[in-house]
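Chemist: Sharing a structure here in structure tokens format.
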Amino acid sequence: MKVAIIGSGISGLSIANMLNQKHQVTVFEKNQKIGGLVKCERINGSLFHKVGGHVFNSKNQKVLNWFWSFFDIENEFVQAKRKAKILFNGKIIGYPIENYLYLLDPEIVKKIINELLTLQKEEKKAPLDYSDFGTFLQKNFGKTLYQQYFEPYNKKIWNIDLHSVSMEWLEGKLPMPNLEEVIQSNIFREEENNMVHSYFYYPKNNGSQFIVDRLKENLSITTRTEISEVDINNGNLKIDNQLFDKLIYCGDVRKLPANIKKILEENNVDVKYLEQLRSNGTSNLFCETDETDISWLYIPENFTKAHRIIYTGNFSKTNNSGSIRKTCVVEFSGKVSEDEMEKEITLLPGNLKAILSNYEPNSYVIQDDKTRAEIKKAKDVLGRYGVYLLGRFAEWEYYNMDKAIEAAFELANTINLDNDTKN
Ligand SMILES: Cc1cc2nc3c(=O)[nH]c(=O)nc-3n(C[C@H](O)[C@H](O)[C@H](O)COP(=O)(O)OP(=O)(O)OC[C@H]3O[C@@H](n4cnc5c(N)ncnc54)[C@H](O)[C@@H]3O)c2cc1C
């Protein structure tokens with residue numbers, strides 16, 4: 001089959017490699033540079049992750065096997081332990097916060113323990129019904145931890161009332177300890193160990209750009225080509241004046257080409273709803289910093305608009321080659337001007353000095369309780385026309401790279417099965 005893929009982010013490049021041996025695959029990318037969110041750039045020799053500070057790991061062995069078939073794990077990657085910390089009440093404490101209650105003020109700890117015990121009793125009487133993210137956090141961690149940490153931190157990131165965020169997207173993304181585990185970790189002073197990224201892999205050279213540069217090697221990619229039209233006729237798809245059998249769309253579901261939206265409307269998919277889905281952007285300030293051994297520093301409090309510092313200079317030695325000091329990225333939610341970010345970093349630890357900034361309008365997808373059902377409806381309809389949605393913004397899922405690869409596997413299977421049945 002001839003397969004067109006729109007988007008050369010991790011989703012598009014992954015599925016292109018999965019289908020490339022059996023089919024004729026062409027990837028279209030609107031930008032000059034491939035990679036989508038994981039793109040990096042060298043600034044005077046130092047590596048700037050323009051969004052986040054992408055590191056890799058997965059709990060899925062199939063994803064790991066597939067990923068490592070492209071790389072030499074020993075020679076091309078470093079394995080590092082996640083060292084996340086929280087800047088809280090002027091102190092740097094461990095992450096997740098509930099494992100480090102012993103470092104908080106005794107008065108606050110007493111309150112938190114009382115609340116956790118009360119919640120435990122209530123839960124025994126009637127199992128809690130977590131209707132939304134805000135309620136979940138409050139009922140799981142108690143009012144004090146919620147008000148002092150979870151609410152301000154998550155509000156900084158999501159910029160939304162947490163009670164309007166659906167619970168579905170949370171699955172597997174937050175540590176969800178029970179009371180027994182919280183007490184144990186505080187007595188035994190255990191560190192986080194059961195999160196997907198409690199340790200991670202990171203390329204020795206060029207960060208996540210290295211990953212996409214390798215994945216693109218055997219592919220046919222047409223860059224600087226934004227696909228805004230798709231003609232759908234008698235089982236053929238005409239894209240950029242070429243005919244294809246299948247189309248995999250890894251762009252933004254809100255911006256689907258008009259003909260595809262028309263098909264969705266004709267099949268009772270709520271296109272207006274899809275068009276108004278909300279995402280949050282992030283502003284990043286690439287900085288020099290003093291030495292530290294931290295990998296991520298979370299900043300829940302409101303004394304600054306910054307919500308975390310990612311010490312990308314600690315991920316690989318070569319990330320700092322142009323700078324005498326280490327480098328890091330300070331992340332802000334939404335659009336923040338470079339001037340404003342430069343003022344904000346004077347409030348943060350590490351004697352930060354700005355190098356360059358970037359604004360990414362689409363970083364975090366915000367789901368509500370209708371999102372998954374409506375996306376599924378759209379997928380079911382489009383599948384009948386040989387059009388598929390894949391990736392963070394096409395499926396409106398809070399995917400990390402490993403989850404995007406997992407989704408690519410599923411779709412590649414569906415497409416191959418469909419092809420085998422036809423033959
Ligand atoms: C702040 C932040 C930190 C993160 N950290 C990590 C991490 O440490 N580890 C991890 O595993 N994941 C992390 N992620 C998640 C990771 O970035 C995503 O899972 C992944 O990049 C999604 O890839 P994608 O291909 O689905 O989408 P994208 O990267 O958005 O790619 C879509 C591509 O499609 C192109 N495109 C769109 N429309 C068109 C069109 N009409 N025509 C042509 N081209 C088009 C775009 O230009 C883009 O290149 C992080 C995300 C954020 C926001």
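We name chains A, B, ... following the order of the structure tokens; residues begin at 1 in each chain, and ligands are numbered from 1 as shown.
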Applying 8 Å and only C-alpha atoms, which residues near stretch 236-247 of chain A remain after dropping the ones on its own chain fewer than 3 positions away? List them as a list of chain:residue names.
Modeler: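 These residues fall inside the cut-off: A:Met1, A:Lys2, A:Val3, A:Ala4, A:Ile5, A:Ile6, A:Ile227, A:Glu229, A:Val230, A:Asp231, A:Ile232, A:Asn233, A:Gly386, A:Val387, A:Tyr388.
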Chemist: Would you please extract all alpha helix (DSSP H) residues from stretch 305-380 of chain A, as assigned by DSSP on the backbone, and give them as an mmCIF file with N, CA and C atoms, in the first residue's frame?
Modeler:
```
data_model
loop_
_atom_site.group_PDB
_atom_site.id
_atom_site.type_symbol
_atom_site.label_atom_id
_atom_site.label_comp_id
_atom_site.auth_asym_id
_atom_site.auth_seq_id
_atom_site.Cartn_x
_atom_site.Cartn_y
_atom_site.Cartn_z
ATOM 1 N N GLU A 338 10.131 36.974 27.174
ATOM 2 C CA GLU A 338 11.514 36.706 27.603
ATOM 3 C C GLU A 338 11.917 37.646 28.749
ATOM 4 N N ASP A 339 11.475 38.916 28.648
ATOM 5 C CA ASP A 339 11.805 39.883 29.715
ATOM 6 C C ASP A 339 11.258 39.415 31.055
ATOM 7 N N GLU A 340 9.985 38.969 31.010
ATOM 8 C CA GLU A 340 9.347 38.532 32.247
ATOM 9 C C GLU A 340 10.053 37.287 32.818
ATOM 10 N N MET A 341 10.403 36.366 31.927
ATOM 11 C CA MET A 341 11.081 35.149 32.395
ATOM 12 C C MET A 341 12.435 35.512 33.013
ATOM 13 N N GLU A 342 13.101 36.482 32.409
ATOM 14 C CA GLU A 342 14.416 36.868 32.952
ATOM 15 C C GLU A 342 14.283 37.453 34.352
ATOM 16 N N LYS A 343 13.153 38.176 34.585
ATOM 17 C CA LYS A 343 12.920 38.704 35.941
ATOM 18 C C LYS A 343 12.641 37.554 36.899
ATOM 19 N N GLU A 344 11.818 36.597 36.436
ATOM 20 C CA GLU A 344 11.416 35.476 37.308
ATOM 21 C C GLU A 344 12.606 34.643 37.766
ATOM 22 N N THR A 371 -14.059 13.843 25.905
ATOM 23 C CA THR A 371 -13.007 13.809 24.882
ATOM 24 C C THR A 371 -12.791 12.414 24.293
ATOM 25 N N ARG A 372 -12.570 11.436 25.168
ATOM 26 C CA ARG A 372 -12.218 10.103 24.635
ATOM 27 C C ARG A 372 -13.334 9.529 23.772
ATOM 28 N N ALA A 373 -14.579 9.722 24.196
ATOM 29 C CA ALA A 373 -15.695 9.148 23.443
ATOM 30 C C ALA A 373 -15.777 9.802 22.053
ATOM 31 N N GLU A 374 -15.592 11.119 21.997
ATOM 32 C CA GLU A 374 -15.737 11.819 20.716
ATOM 33 C C GLU A 374 -14.566 11.479 19.780
ATOM 34 N N ILE A 375 -13.359 11.360 20.345
ATOM 35 C CA ILE A 375 -12.202 10.976 19.520
ATOM 36 C C ILE A 375 -12.408 9.555 18.989
ATOM 37 N N LYS A 376 -12.957 8.686 19.823
ATOM 38 C CA LYS A 376 -13.178 7.300 19.379
ATOM 39 C C LYS A 376 -14.181 7.265 18.216
ATOM 40 N N LYS A 377 -15.232 8.099 18.371
ATOM 41 C CA LYS A 377 -16.222 8.169 17.293
ATOM 42 C C LYS A 377 -15.543 8.611 15.983
ATOM 43 N N ALA A 378 -14.699 9.656 16.101
ATOM 44 C CA ALA A 378 -14.000 10.172 14.915
ATOM 45 C C ALA A 378 -13.115 9.081 14.316
ATOM 46 N N LYS A 379 -12.404 8.339 15.169
ATOM 47 C CA LYS A 379 -11.509 7.283 14.661
ATOM 48 C C LYS A 379 -12.310 6.201 13.930
ATOM 49 N N ASP A 380 -13.446 5.814 14.512
ATOM 50 C CA ASP A 380 -14.256 4.760 13.899
ATOM 51 C C ASP A 380 -14.747 5.179 12.511
#
```
Chemist: Which chains and residue numbers are within 8 Å of ligand 1, counting only C-alpha atoms and all ligand atoms, if I want them as a ChimeraX atom specification?
Modeler: /A:6-13,28-31,33-38,51-57,223-228,249-252,255-257,281-282,331,362-364,390-394,398-404
Chemist: Measuring between only C-alpha atoms, which one of A:Ser220, A:Gly45, A:Gln147, A:Ser316 shows the shortest distance to A:Asn17?
Modeler: A:Ser220
Chemist: Taking only C-alpha atoms into account, which of A:Phe315, A:Trp66, A:Tyr149, A:Trp396 comes nearest A:Phe200?
Modeler: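 Ranking A:Phe315, A:Trp66, A:Tyr149, A:Trp396 by distance to A:Phe200, first place goes to A:Phe315.
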Chemist: Could you give me the residues within stretch 99-344 of chain A that DSSP places in strand (DSSP E or B), as a ChimeraX atom specification?
Modeler: /A:199-203,220-222,231-233,236-239,242-244,246-249,278-289,296-298,306-310,326-333
Chemist: Can you check which parts of stretch 178-261 of chain A lie within 12 Å of stretch 103-115 of chain A? Per residue, the shortest pair of atoms and distance in Å to one decimal, counting only C-alpha atoms, sorted by chain and number, as a tab-separated table.
Modeler:
```
residue	atom	partner	partner_atom	distance
A:Leu179	CA	A:Ile113	CA	9.4
A:Glu180	CA	A:Ile113	CA	11.7
A:Val182	CA	A:Ile113	CA	10.0
A:Ile183	CA	A:Ile113	CA	9.2
A:Asn186	CA	A:Leu103	CA	9.3
A:Ile187	CA	A:Leu103	CA	11.6
A:Arg189	CA	A:Leu103	CA	10.3
```
Chemist: Give me, please, the distance in Å between atom CA of A:Phe133 and atom CA of A:Leu117, quoted to one decimal.
Modeler: 20.8 Å
Chemist: For the atom pair atom CA of A:Ser208 and atom CA of A:Phe67, what is the interatomic distance in Å to one decimal place?
Modeler: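 For atom CA of A:Ser208 relative to atom CA of A:Phe67, the distance reads 12.9 Å.
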Chemist: Could you state the separation of atom CA of A:Tyr100 and atom CA of A:Ser58 in Å, given to one decimal place?
Modeler: 25.7 Å
Chemist: Which residues come within 8 Å of A:Leu87, counting only C-alpha atoms, excluding same-chain residues fewer than 2 positions away, as a list in words?
Modeler: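 Once the nearby chain positions are removed, what remains is Lys85, Asn89, Gly90, Lys91, Ile92, Ile93, Leu297, Tyr298, Ile299 and Pro300 of chain A.
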Chemist: Now that the selection is made, can you save its residues with N, CA, C and O atoms as an mmCIF file, in the first residue's frame?
Modeler:
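New file result-v2.cif:
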```cif
data_model
loop_
_atom_site.group_PDB
_atom_site.id
_atom_site.type_symbol
_atom_site.label_atom_id
_atom_site.label_comp_id
_atom_site.auth_asym_id
_atom_site.auth_seq_id
_atom_site.Cartn_x
_atom_site.Cartn_y
_atom_site.Cartn_z
ATOM 1 N N LYS A 85 13.168 16.880 42.795
ATOM 2 C CA LYS A 85 13.030 17.549 44.092
ATOM 3 C C LYS A 85 11.932 18.602 43.987
ATOM 4 O O LYS A 85 11.522 18.986 42.890
ATOM 5 N N ASN A 89 8.372 25.883 50.704
ATOM 6 C CA ASN A 89 8.641 26.662 51.915
ATOM 7 C C ASN A 89 10.120 26.999 52.057
ATOM 8 O O ASN A 89 10.700 26.896 53.138
ATOM 9 N N GLY A 90 10.755 27.337 50.936
ATOM 10 C CA GLY A 90 12.156 27.744 50.965
ATOM 11 C C GLY A 90 13.145 26.595 51.100
ATOM 12 O O GLY A 90 14.355 26.822 51.123
ATOM 13 N N LYS A 91 12.635 25.348 51.204
ATOM 14 C CA LYS A 91 13.558 24.201 51.334
ATOM 15 C C LYS A 91 13.468 23.337 50.088
ATOM 16 O O LYS A 91 12.419 23.268 49.455
ATOM 17 N N ILE A 92 14.549 22.627 49.795
ATOM 18 C CA ILE A 92 14.480 21.664 48.692
ATOM 19 C C ILE A 92 14.231 20.286 49.293
ATOM 20 O O ILE A 92 15.037 19.790 50.085
ATOM 21 N N ILE A 93 13.065 19.717 48.979
ATOM 22 C CA ILE A 93 12.725 18.403 49.545
ATOM 23 C C ILE A 93 12.471 17.404 48.415
ATOM 24 O O ILE A 93 12.372 17.779 47.254
ATOM 25 N N LEU A 297 13.457 20.073 39.242
ATOM 26 C CA LEU A 297 13.037 20.765 40.465
ATOM 27 C C LEU A 297 11.635 21.332 40.234
ATOM 28 O O LEU A 297 11.424 22.176 39.347
ATOM 29 N N TYR A 298 10.663 20.839 41.016
ATOM 30 C CA TYR A 298 9.286 21.317 40.883
ATOM 31 C C TYR A 298 9.063 22.496 41.816
ATOM 32 O O TYR A 298 9.554 22.498 42.956
ATOM 33 N N ILE A 299 8.301 23.481 41.333
ATOM 34 C CA ILE A 299 8.130 24.713 42.106
ATOM 35 C C ILE A 299 6.628 25.006 42.243
ATOM 36 O O ILE A 299 6.045 25.707 41.412
ATOM 37 N N PRO A 300 5.981 24.453 43.293
ATOM 38 C CA PRO A 300 4.523 24.610 43.406
ATOM 39 C C PRO A 300 4.089 26.009 43.824
ATOM 40 O O PRO A 300 2.989 26.439 43.465
#
```
Chemist: Could you pull the residues within 6 Å of A:Phe286, counting only C-alpha atoms, minus those fewer than 3 positions along the same chain, as a compact mmCIF listing (two decimals) with N, CA and C atoms, in the first residue's frame?
Modeler:
```
# COMPACT_ATOMS: atom_id res chain seq x y z
N CYS A 328 20.39 24.50 31.99
CA CYS A 328 19.09 23.98 32.43
C CYS A 328 18.00 24.71 31.66
N VAL A 329 16.78 24.20 31.80
CA VAL A 329 15.64 24.86 31.16
C VAL A 329 14.63 25.21 32.26
N ILE A 355 19.97 32.33 28.45
CA ILE A 355 20.68 32.20 27.17
C ILE A 355 19.70 32.46 26.01
N LEU A 356 18.57 31.74 26.01
CA LEU A 356 17.61 31.87 24.91
C LEU A 356 16.24 31.38 25.35
N SER A 357 15.17 31.86 24.69
CA SER A 357 13.84 31.39 25.10
C SER A 357 13.09 30.78 23.91
```
